[in-house]
Structure formats: structure tokens, C-alpha cells
Amino acid sequence: MNRINYQKELDKLLERLGEQGVGEEDVPALFLHSCCAPCSSYVLEYLCRYFRITVFYYNPNISFTEEYSKRAAEQKRLIGAYNEEKRGHRIQIVEGDYEPGRFMETVRGLEKCPEGGERCFRCYELRLRETAKQAAEGKFDYFCTTLSISPLKNAEKLNEIGLALSAEYGISWLPSDFKKRNGYKRSIELSAEYGLYRQNYCGCAFSVRECRPSDEINR
């Protein structure tokens with residue numbers, strides 16, 4: 001079976017949007033789930049010319065309150081900087097509820113599953129379902145996630161889940177594989193430029209168990 005090139009799918013969609021030449025009031029609205037500021041840095045730079053973006057910071061997988069708060073603050077700081085620089089359409093942010101108990105219930109029974117397996121897929125679905133639900137309620141045109149920028153995240157699975165939720169909630173999924181076209185490399189450059197905090201684990205207690213002190217971000 002041929003694998004879908006989600007970056008090419010996104011390219012075609014953005015090309016159509018660029019050709020439309022719509023006024024500000026007609027710019028499509030994107031509800032973008034973000035896992036952290038570094039991962040969102042390139043995605044926001046890339047997409048803010050085409051969409052009115054609302055970042056949805058919803059990450060119940062982060063096991064430690066202090067870590068959660070630090071990442072949320074960095075996300076808000078980056079968005080503030082981008083808006084001051086007027087890189088594209090103004091970016092909004094919505095912070096979801098911090099629900100680590102909901103994450104633990106979602107992955108119950110998969111505690112010993114290795115990173116990148118079924119436990120992670122359950123986590124993807126949890127965060128994307130809440131994103132789709134709120135995007136539909138807010139009447140956004142598209143929803144998406146920054147997660148596909150990570151070399152350690154399964155872009156094919158993320159898009160599979162996103163498309164299924166798109167059908168369920170009646171809102172368009174924005175296909176993506178943001179690591180392509182040096183997206184991950186650019187996120188590292190932007191992280192250095194803005195002095196962003198770059199964690200070395202995904203956020204959950206299970207990923208802490210498997211990370212090494214020298215590991216880079218985007219587990």
C-alpha cells in the first residue's frame with residue numbers, strides 16, 4: 001500500500017489558499033494543538049501567513065505540575081514575541097484544563113509499553129480528540145497538531161487519528177508532517193534564537209524513565 005505524503009498534501013492545500021487572495025476576514029481559522037513552544041516555533045512561523053491561528057495548549061500527559069507550568073509559560077512567551085514581530089496573522093492562545101489524571105486513566109494497563117507504541121497512540125488520541133471537540137464547538141475551519149514535527153512521533157498515526165476525528169466531529173483536519181522540509185532543524189534554530197526551554201522528555205513519567213540527560217527535545 002502506498003504511504004501518503006502528508007507534507008505534499010499540506011503543500012497543495014496551502015497553494016490553493018495562497019491563490020485565493022482572500023481578505024483578512026476570510027482567512028481560514030486553524031485550531032492548533034501545541035505540545036510545547038519549541039515544537040510550535042516552526043509550525044507557527046510556517047502557517048501564520050495562511051491562517052488565523054489559535055494555539056490550544058492541552059497536555060495532560062505532563063506528569064509534573066512545575067514542568068507543565070514552565071512549558072505553558074514558554075508557549076505564551078513565544079506567541080507574544082511572534083505577535084510583536086507581526087510575522088503574519090495575529091496568534092491567539094487557549095490553555096486547556098490540566099488533567100494528568102485523565103491521561104493516566106487513558107493509558108491504564110500500558111504502563112510497561114515502550115515509547116512510541118500503543119501508549120503513545122492513546123495519548124495522541126486523547127489530545128487530538130479534545131482539540132477536535134473544541135475546534136468544532138468554536139466553529140474553526142481546521143484543526144491540527146504540532147506533534148508531527150518530532151522525529152520520534154509517528155506522523156502517519158497522527159494523521160490517521162486526525163482524519164478519523166475529522167469525520168466524527170465534522171471539522172477539517174489539516175494534514176501535516178512538519179519535520180519535513182527541515183522543519184525540525186528550523187525549530188532548533190528558532191529555539192536558540194528565542195532562548196526557549198527545550199525539555200529532554202515528552203512529558204509523562206514513562207518518558208522520563210526512558211530518556212537520557214543528553215537527549216534532545218521532541219521525544
# chains A, B, ... in the order shown; residues from 1 in each chain; ligands from 1
$ residues_around --residues "A:Ile161" --least-positions-apart "5" --cutoff "9 Å" --atoms "only C-alpha atoms" --output "JSON, numbers by chain"
{"A": [121, 124, 125, 128, 129, 156, 166]}
$ closest_atom_pairs --of "stretch 67-123 of chain A" --to "stretch 33-47 of chain A" --cutoff "10 Å" --atoms "only C-alpha atoms" --output "tab-separated table"
residue	atom	partner	partner_atom	distance
A:Tyr68	CA	A:Cys36	CA	9.6
A:Lys70	CA	A:Cys36	CA	9.8
A:Arg71	CA	A:Cys36	CA	6.0
A:Ala72	CA	A:Cys36	CA	7.2
A:Ala73	CA	A:Ala37	CA	8.8
A:Glu74	CA	A:Ala37	CA	5.9
A:Gln75	CA	A:Ala37	CA	4.4
A:Lys76	CA	A:Ala37	CA	8.0
A:Arg77	CA	A:Ala37	CA	8.5
A:Leu78	CA	A:Ala37	CA	6.5
A:Ile79	CA	A:Ala37	CA	8.4
A:Tyr82	CA	A:Glu45	CA	8.2
A:Arg87	CA	A:Glu45	CA	7.1
A:Gly88	CA	A:Glu45	CA	7.9
A:His89	CA	A:Leu47	CA	9.1
A:Ile91	CA	A:Leu44	CA	8.4
A:Ile93	CA	A:His33	CA	9.8
A:Val94	CA	A:His33	CA	9.5
A:Glu95	CA	A:His33	CA	9.9
A:Gly96	CA	A:His33	CA	9.9
$ atom_distance --atom1 "atom CA of A:Thr106" --atom2 "atom CA of A:Cys204"
12.5 Å
$ select_by_dssp --residues "chain A" --states "strand (DSSP E or B)" --output "PyMOL selection string"
chain A and resi 29-34+52-57+92-95+142-145+172-173
$ atom_distance --atom1 "atom CA of A:Gly203" --atom2 "atom CA of A:Pro60"
8.9 Å
